[in-house]
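To start, the structure itself, in structure tokens.
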Amino acid sequence: MYTQALNAGPEAAERTIEDAAILARFQERIDAEERIEPNDFMPAAYRKTLIRQISQHAHSEIVGMLPEGNWITRAPSLRRKAALLAKVQDECGHGLYLYAAAETLGVSREELIDQLLSGKAKYSSIFNYPTLSWADIGAIGWLVDGAAIMNQIPLCRCSYGPYARAMIRVCKEESFHQRQGYEIMLALVRGSEAQREMAQDALNRWWWPCLMMFGPPDADSRHSEASTRWKIKRFSNDELRQKFVDATVPQARYLGLTIPDPDLRFNEETGHWDYGAIDWEEFRQVIAGNGPCNADRMAARRKAHEDGAWVREAACAHAAKSRVRAAA
Amino acid sequence: MAAAEIPLWEVFIRSRNGLSHKHVGSLHAPDATLALQAARDLYTRRGEGLSIWVVPSHAITASDPADKGMMFEPTASKIYRHPTFYEVPEEVGHM
């Protein structure tokens, strides 16, 4: 569903030991919009940045199944249930495409899973918020997937081939997610007063965390320069956030819902919607592990991994036995 | 085989009748049967395919990007391999 701009800056020391001419040649390839493929030369810092970004993105997809999975058994109709199941299955698929892309950089699946389960790896802050009502499923599809699409479309042109290709698949599937979310919101605002209030309450709770999904403001984003030069990142965090706000305000109006930001107003000069101050302390707290659901999410992932261990072991034992039989 | 060593497979899908199989991605699975089932779930959720191949990744031999020049450069100079190299009078018509 989403990667957040959390990567630390590339280590300067690693860059100095590589030959300047080779590095220059690499940058020429990037500048010429060539795609870098797994066995091509790449600077160590480029590799490291990508492993971190792609794996965080993969972890986000996997953890992202939890808030929505919470409502599968309580979906209000069979139609909604089937759609939600398909969406959650897609998120799993997105995680798996991304893990495979990260593995092409020389890291193993087991290491990546271990980094997530040990708490070493980060994932998008948005999934540490609870889904308290059915309207939250609408809000997630509309806003969280909407924000994800803003971020992921430019990643389809990322300089690293396997990541770009994975993102093309993901983006094709993501559009259904956003539309099904908006449709849920639409049904609620056209329903009873209580349902309309439920939709407004969901927007109130998800709006600000969604703006935080784009990562820290450009002024505080220390890693952007290298990622931009390497064409991993094509728009800054603030640019993407602004695009999201501009796209979402009219959609909220159509629903007749109010965006919970008293400072939100259209700026005639810039042609954009100006929005109020984001609570970055909340963002830092959630990233640091102190969000409302961080502990629950990690516990659920660990339990799923441990509970599934016997299945993996049995499948491997069966495969080994079959090989022996075939050889005999 | 420990669960920590679940092998990697490359997945190829024939998207339509008459087209060749095309590489779509990779996945981990203990054996070919499970690899096929996982490929179906992972890469054909929206009618993307009519046929799936799964190949153990280690069975693929790839050319080295460092040999790109040696492997592919020589063809660049062989323009006589292309039809446009040959002159045929216009009166002859399309050939």
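Each chain in the structure tokens gets a letter, A, B, ..., in the order shown, and its residues are numbered from 1; ligands are numbered from 1 in order too.
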
Excluding Glu10 of chain B and its own-chain neighbours fewer than 3 positions away, which residues fall within 12 Å of it when counting only C-alpha atoms? Please give them as an MDAnalysis selection string.
(chainID A and resid 97 100 104) or (chainID B and resid 7 13 21:29 32 35:36 38:39 43 52:60)

Given the selection you just returned, output its residues as a file containing N, CA and C atoms, formatted as a PDB file, in the first residue's frame.
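out09.pdb, written as the output of this step:
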ATOM      1  N   TYR A  97       5.302  -8.925  -4.042  1.00  0.00           N
ATOM      2  CA  TYR A  97       6.046  -8.398  -5.210  1.00  0.00           C
ATOM      3  C   TYR A  97       7.240  -7.590  -4.723  1.00  0.00           C
ATOM      4  N   ALA A 100      10.109  -9.569  -3.249  1.00  0.00           N
ATOM      5  CA  ALA A 100      10.882 -10.167  -4.344  1.00  0.00           C
ATOM      6  C   ALA A 100      11.788  -9.113  -4.992  1.00  0.00           C
ATOM      7  N   THR A 104      16.215  -8.980  -5.054  1.00  0.00           N
ATOM      8  CA  THR A 104      17.129  -8.877  -6.202  1.00  0.00           C
ATOM      9  C   THR A 104      18.357  -8.043  -5.852  1.00  0.00           C
TER      10      THR A 104
ATOM     11  N   PRO B   7      13.023 -22.343  -1.537  1.00  0.00           N
ATOM     12  CA  PRO B   7      13.662 -21.874  -2.769  1.00  0.00           C
ATOM     13  C   PRO B   7      12.875 -20.799  -3.528  1.00  0.00           C
ATOM     14  N   ILE B  13       4.167 -16.113 -17.507  1.00  0.00           N
ATOM     15  CA  ILE B  13       2.741 -16.269 -17.799  1.00  0.00           C
ATOM     16  C   ILE B  13       2.456 -15.997 -19.269  1.00  0.00           C
ATOM     17  N   HIS B  21       5.082 -16.993 -23.300  1.00  0.00           N
ATOM     18  CA  HIS B  21       5.149 -16.760 -21.860  1.00  0.00           C
ATOM     19  C   HIS B  21       6.118 -15.603 -21.596  1.00  0.00           C
ATOM     20  N   LYS B  22       5.778 -14.800 -20.609  1.00  0.00           N
ATOM     21  CA  LYS B  22       6.600 -13.632 -20.306  1.00  0.00           C
ATOM     22  C   LYS B  22       6.893 -13.627 -18.808  1.00  0.00           C
ATOM     23  N   HIS B  23       8.104 -13.229 -18.459  1.00  0.00           N
ATOM     24  CA  HIS B  23       8.476 -13.191 -17.049  1.00  0.00           C
ATOM     25  C   HIS B  23       7.642 -12.141 -16.323  1.00  0.00           C
ATOM     26  N   VAL B  24       7.027 -12.522 -15.196  1.00  0.00           N
ATOM     27  CA  VAL B  24       6.219 -11.553 -14.452  1.00  0.00           C
ATOM     28  C   VAL B  24       6.755 -11.288 -13.046  1.00  0.00           C
ATOM     29  N   GLY B  25       7.611 -12.178 -12.539  1.00  0.00           N
ATOM     30  CA  GLY B  25       8.118 -11.946 -11.191  1.00  0.00           C
ATOM     31  C   GLY B  25       8.611 -13.234 -10.577  1.00  0.00           C
ATOM     32  N   SER B  26       8.815 -13.211  -9.274  1.00  0.00           N
ATOM     33  CA  SER B  26       9.324 -14.414  -8.614  1.00  0.00           C
ATOM     34  C   SER B  26       8.585 -14.647  -7.308  1.00  0.00           C
ATOM     35  N   LEU B  27       8.784 -15.817  -6.744  1.00  0.00           N
ATOM     36  CA  LEU B  27       8.166 -16.157  -5.465  1.00  0.00           C
ATOM     37  C   LEU B  27       8.946 -17.293  -4.805  1.00  0.00           C
ATOM     38  N   HIS B  28       8.667 -17.532  -3.538  1.00  0.00           N
ATOM     39  CA  HIS B  28       9.291 -18.640  -2.809  1.00  0.00           C
ATOM     40  C   HIS B  28       8.276 -19.761  -2.639  1.00  0.00           C
ATOM     41  N   ALA B  29       8.706 -21.000  -2.851  1.00  0.00           N
ATOM     42  CA  ALA B  29       7.840 -22.156  -2.610  1.00  0.00           C
ATOM     43  C   ALA B  29       8.717 -23.383  -2.415  1.00  0.00           C
ATOM     44  N   ALA B  32       7.490 -27.547  -6.824  1.00  0.00           N
ATOM     45  CA  ALA B  32       6.896 -27.019  -8.052  1.00  0.00           C
ATOM     46  C   ALA B  32       5.375 -26.882  -7.944  1.00  0.00           C
ATOM     47  N   ALA B  35       4.634 -23.925  -5.946  1.00  0.00           N
ATOM     48  CA  ALA B  35       5.057 -22.744  -6.697  1.00  0.00           C
ATOM     49  C   ALA B  35       3.983 -22.364  -7.716  1.00  0.00           C
ATOM     50  N   LEU B  36       3.422 -23.371  -8.383  1.00  0.00           N
ATOM     51  CA  LEU B  36       2.358 -23.106  -9.364  1.00  0.00           C
ATOM     52  C   LEU B  36       1.130 -22.504  -8.691  1.00  0.00           C
ATOM     53  N   ALA B  38       1.004 -20.886  -5.837  1.00  0.00           N
ATOM     54  CA  ALA B  38       1.313 -19.541  -5.354  1.00  0.00           C
ATOM     55  C   ALA B  38       1.345 -18.559  -6.526  1.00  0.00           C
ATOM     56  N   ALA B  39       1.869 -19.008  -7.664  1.00  0.00           N
ATOM     57  CA  ALA B  39       1.933 -18.132  -8.843  1.00  0.00           C
ATOM     58  C   ALA B  39       0.535 -17.758  -9.302  1.00  0.00           C
ATOM     59  N   TYR B  43      -0.028 -13.908  -9.164  1.00  0.00           N
ATOM     60  CA  TYR B  43       0.142 -13.190 -10.425  1.00  0.00           C
ATOM     61  C   TYR B  43      -1.048 -13.271 -11.382  1.00  0.00           C
ATOM     62  N   ILE B  52       0.804 -20.924 -16.923  1.00  0.00           N
ATOM     63  CA  ILE B  52       1.903 -20.477 -16.038  1.00  0.00           C
ATOM     64  C   ILE B  52       3.073 -21.439 -16.144  1.00  0.00           C
ATOM     65  N   TRP B  53       4.277 -20.909 -16.219  1.00  0.00           N
ATOM     66  CA  TRP B  53       5.486 -21.705 -16.037  1.00  0.00           C
ATOM     67  C   TRP B  53       6.142 -21.246 -14.738  1.00  0.00           C
ATOM     68  N   VAL B  54       6.624 -22.179 -13.944  1.00  0.00           N
ATOM     69  CA  VAL B  54       7.498 -21.810 -12.831  1.00  0.00           C
ATOM     70  C   VAL B  54       8.834 -22.518 -13.031  1.00  0.00           C
ATOM     71  N   VAL B  55       9.899 -21.793 -12.852  1.00  0.00           N
ATOM     72  CA  VAL B  55      11.246 -22.313 -13.083  1.00  0.00           C
ATOM     73  C   VAL B  55      12.101 -21.997 -11.859  1.00  0.00           C
ATOM     74  N   PRO B  56      12.804 -23.006 -11.317  1.00  0.00           N
ATOM     75  CA  PRO B  56      13.684 -22.679 -10.173  1.00  0.00           C
ATOM     76  C   PRO B  56      14.694 -21.606 -10.601  1.00  0.00           C
ATOM     77  N   SER B  57      14.807 -20.558  -9.805  1.00  0.00           N
ATOM     78  CA  SER B  57      15.682 -19.443 -10.201  1.00  0.00           C
ATOM     79  C   SER B  57      17.109 -19.897 -10.461  1.00  0.00           C
ATOM     80  N   HIS B  58      17.552 -20.900  -9.697  1.00  0.00           N
ATOM     81  CA  HIS B  58      18.946 -21.334  -9.852  1.00  0.00           C
ATOM     82  C   HIS B  58      19.163 -22.048 -11.182  1.00  0.00           C
ATOM     83  N   ALA B  59      18.062 -22.424 -11.864  1.00  0.00           N
ATOM     84  CA  ALA B  59      18.202 -23.123 -13.141  1.00  0.00           C
ATOM     85  C   ALA B  59      18.424 -22.146 -14.305  1.00  0.00           C
ATOM     86  N   ILE B  60      18.321 -20.867 -14.018  1.00  0.00           N
ATOM     87  CA  ILE B  60      18.479 -19.872 -15.084  1.00  0.00           C
ATOM     88  C   ILE B  60      19.937 -19.419 -15.173  1.00  0.00           C
TER      89      ILE B  60
END

What residues in chain B get the DSSP label alpha helix (DSSP H)? Please answer as a PyMOL selection string.
chain B and resi 32-43+68-76

Can I get the selection written as a compact mmCIF listing (two decimals), in the first residue's frame, with N, CA and C atoms?
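The new file again.txt reads:
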# COMPACT_ATOMS: atom_id res chain seq x y z
N ALA B 32 7.49 -27.55 -6.82
CA ALA B 32 6.90 -27.02 -8.05
C ALA B 32 5.37 -26.88 -7.94
N THR B 33 4.74 -27.85 -7.28
CA THR B 33 3.28 -27.81 -7.15
C THR B 33 2.84 -26.56 -6.38
N LEU B 34 3.51 -26.33 -5.26
CA LEU B 34 3.15 -25.15 -4.46
C LEU B 34 3.55 -23.86 -5.18
N ALA B 35 4.63 -23.93 -5.95
CA ALA B 35 5.06 -22.74 -6.70
C ALA B 35 3.98 -22.36 -7.72
N LEU B 36 3.42 -23.37 -8.38
CA LEU B 36 2.36 -23.11 -9.36
C LEU B 36 1.13 -22.50 -8.69
N GLN B 37 0.76 -23.08 -7.55
CA GLN B 37 -0.43 -22.57 -6.84
C GLN B 37 -0.20 -21.14 -6.36
N ALA B 38 1.00 -20.89 -5.84
CA ALA B 38 1.31 -19.54 -5.35
C ALA B 38 1.34 -18.56 -6.53
N ALA B 39 1.87 -19.01 -7.66
CA ALA B 39 1.93 -18.13 -8.84
C ALA B 39 0.54 -17.76 -9.30
N ARG B 40 -0.37 -18.74 -9.23
CA ARG B 40 -1.75 -18.47 -9.61
C ARG B 40 -2.35 -17.39 -8.69
N ASP B 41 -2.15 -17.55 -7.36
CA ASP B 41 -2.72 -16.59 -6.42
C ASP B 41 -2.06 -15.21 -6.54
N LEU B 42 -0.76 -15.25 -6.80
CA LEU B 42 -0.01 -14.00 -6.73
C LEU B 42 -0.04 -13.21 -8.04
N TYR B 43 -0.03 -13.91 -9.16
CA TYR B 43 0.14 -13.19 -10.43
C TYR B 43 -1.05 -13.27 -11.38
N LYS B 68 28.15 -7.08 -21.87
CA LYS B 68 27.16 -6.54 -22.79
C LYS B 68 27.80 -6.11 -24.10
N GLY B 69 28.93 -5.44 -24.01
CA GLY B 69 29.60 -4.96 -25.21
C GLY B 69 29.98 -6.12 -26.12
N MET B 70 30.67 -7.08 -25.55
CA MET B 70 31.15 -8.23 -26.31
C MET B 70 29.98 -9.01 -26.92
N MET B 71 28.91 -9.14 -26.15
CA MET B 71 27.77 -9.95 -26.59
C MET B 71 26.96 -9.27 -27.69
N PHE B 72 26.69 -7.99 -27.52
CA PHE B 72 25.66 -7.36 -28.37
C PHE B 72 26.18 -6.27 -29.31
N GLU B 73 27.33 -5.72 -29.00
CA GLU B 73 27.85 -4.61 -29.81
C GLU B 73 28.06 -5.04 -31.27
N PRO B 74 28.63 -6.21 -31.53
CA PRO B 74 28.98 -6.56 -32.92
C PRO B 74 27.77 -6.47 -33.87
N THR B 75 26.57 -6.69 -33.37
CA THR B 75 25.42 -6.66 -34.28
C THR B 75 25.10 -5.25 -34.74
N ALA B 76 25.56 -4.26 -33.97
CA ALA B 76 25.22 -2.88 -34.31
C ALA B 76 25.81 -2.48 -35.66

Could you list, as a PyMOL selection string, the residues of chain A having an atom within 8 Å of chain B when counting only C-alpha atoms?
chain A and resi 39-40+93+96-97+100+110+309+312-313+315-317+319-320

Considering only C-alpha atoms, return as a list of chain:residue names whatever protein or nucleic-acid residues lie within 12 Å of Trp230 of chain A, sequence-local ones (same chain, fewer than 5 positions apart) excluded.
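In the requested format, the answer is A:Pro10, A:Leu23, A:Ala24, A:Phe26, A:Gln27, A:Glu28, A:Arg29, A:Ile30, A:Asp31, A:Ala32, A:Glu33, A:Glu34, A:Arg35, A:Ile36, A:Met42, A:Pro43, A:Ala45, A:Tyr46, A:Arg47, A:Thr49, A:Leu50, A:Arg157, A:Cys158, A:Ser159, A:Tyr160, A:His223, A:Ser224, A:Glu225.
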
Just list as a list in words whatever in segment 6-45 of chain B DSSP marks as strand (DSSP E or B).
Leu8, Trp9, Glu10, Val11, Phe12, Ile13, Arg14, Lys22, His23, Val24, Gly25, Ser26, Leu27 and His28 of chain B

Selection from above, N, CA and C atoms, as a PDB file, in the first residue's frame, can you write it?
ATOM      1  N   LEU B   8      13.614 -20.112  -4.378  1.00  0.00           N
ATOM      2  CA  LEU B   8      13.051 -19.041  -5.201  1.00  0.00           C
ATOM      3  C   LEU B   8      12.707 -19.586  -6.584  1.00  0.00           C
ATOM      4  N   TRP B   9      11.566 -19.143  -7.120  1.00  0.00           N
ATOM      5  CA  TRP B   9      11.109 -19.555  -8.452  1.00  0.00           C
ATOM      6  C   TRP B   9      10.834 -18.322  -9.297  1.00  0.00           C
ATOM      7  N   GLU B  10      11.091 -18.442 -10.587  1.00  0.00           N
ATOM      8  CA  GLU B  10      10.718 -17.371 -11.515  1.00  0.00           C
ATOM      9  C   GLU B  10       9.403 -17.769 -12.180  1.00  0.00           C
ATOM     10  N   VAL B  11       8.523 -16.789 -12.330  1.00  0.00           N
ATOM     11  CA  VAL B  11       7.188 -17.073 -12.855  1.00  0.00           C
ATOM     12  C   VAL B  11       7.022 -16.447 -14.239  1.00  0.00           C
ATOM     13  N   PHE B  12       6.523 -17.265 -15.174  1.00  0.00           N
ATOM     14  CA  PHE B  12       6.279 -16.814 -16.545  1.00  0.00           C
ATOM     15  C   PHE B  12       4.810 -17.081 -16.873  1.00  0.00           C
ATOM     16  N   ILE B  13       4.167 -16.113 -17.507  1.00  0.00           N
ATOM     17  CA  ILE B  13       2.741 -16.269 -17.799  1.00  0.00           C
ATOM     18  C   ILE B  13       2.456 -15.997 -19.269  1.00  0.00           C
ATOM     19  N   ARG B  14       1.640 -16.891 -19.865  1.00  0.00           N
ATOM     20  CA  ARG B  14       1.115 -16.624 -21.205  1.00  0.00           C
ATOM     21  C   ARG B  14      -0.197 -15.862 -20.994  1.00  0.00           C
ATOM     22  N   LYS B  22       5.778 -14.800 -20.609  1.00  0.00           N
ATOM     23  CA  LYS B  22       6.600 -13.632 -20.306  1.00  0.00           C
ATOM     24  C   LYS B  22       6.893 -13.627 -18.808  1.00  0.00           C
ATOM     25  N   HIS B  23       8.104 -13.229 -18.459  1.00  0.00           N
ATOM     26  CA  HIS B  23       8.476 -13.191 -17.049  1.00  0.00           C
ATOM     27  C   HIS B  23       7.642 -12.141 -16.323  1.00  0.00           C
ATOM     28  N   VAL B  24       7.027 -12.522 -15.196  1.00  0.00           N
ATOM     29  CA  VAL B  24       6.219 -11.553 -14.452  1.00  0.00           C
ATOM     30  C   VAL B  24       6.755 -11.288 -13.046  1.00  0.00           C
ATOM     31  N   GLY B  25       7.611 -12.178 -12.539  1.00  0.00           N
ATOM     32  CA  GLY B  25       8.118 -11.946 -11.191  1.00  0.00           C
ATOM     33  C   GLY B  25       8.611 -13.234 -10.577  1.00  0.00           C
ATOM     34  N   SER B  26       8.815 -13.211  -9.274  1.00  0.00           N
ATOM     35  CA  SER B  26       9.324 -14.414  -8.614  1.00  0.00           C
ATOM     36  C   SER B  26       8.585 -14.647  -7.308  1.00  0.00           C
ATOM     37  N   LEU B  27       8.784 -15.817  -6.744  1.00  0.00           N
ATOM     38  CA  LEU B  27       8.166 -16.157  -5.465  1.00  0.00           C
ATOM     39  C   LEU B  27       8.946 -17.293  -4.805  1.00  0.00           C
ATOM     40  N   HIS B  28       8.667 -17.532  -3.538  1.00  0.00           N
ATOM     41  CA  HIS B  28       9.291 -18.640  -2.809  1.00  0.00           C
ATOM     42  C   HIS B  28       8.276 -19.761  -2.639  1.00  0.00           C
TER      43      HIS B  28
END

Between atom CA of Phe244 of chain A and atom CA of Gln152 of chain A, what distance in Å does the model show, to one decimal?
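Separation of atom CA of Phe244 of chain A and atom CA of Gln152 of chain A: 12.1 Å.
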
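Distance annotation: of A:Ala164, A:Ala247, A:Leu255, A:Met213, the residue with the minimal separation from Gln200 of chain A is A:Leu255; atom set is only C-alpha atoms.
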
Please provide the set of residues having any atom within 8 Å of segment 120-134 of chain A, restricted to only C-alpha atoms, with same-chain residues fewer than 4 positions apart removed, written as a ChimeraX atom specification.
/A:2-4,56-57,59-60,63-64,66-68,70-71,75,115-116,138,144,198,202,209-210,212-213,283,286-287,291-294,297

Residue nearest Pro217 of chain A - candidates A:Lys231, A:Ala199, A:Leu155, A:Leu240, atoms counted: only C-alpha atoms
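Looking at the shortest contact to Pro217 of chain A, the residue is A:Leu240.
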
Give me the residues within 10 Å of His94 of chain A as a PyMOL selection string, counting only C-alpha atoms and dropping any in the same chain fewer than 3 places off.
(chain A and resi 1-2+57-62+88-91+97-100+166-167+169-171+173-174) or (chain B and resi 42)

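Between atom CA of Lys172 of chain A and atom CA of Lys81 of chain A the interatomic distance comes to 21.2 Å.
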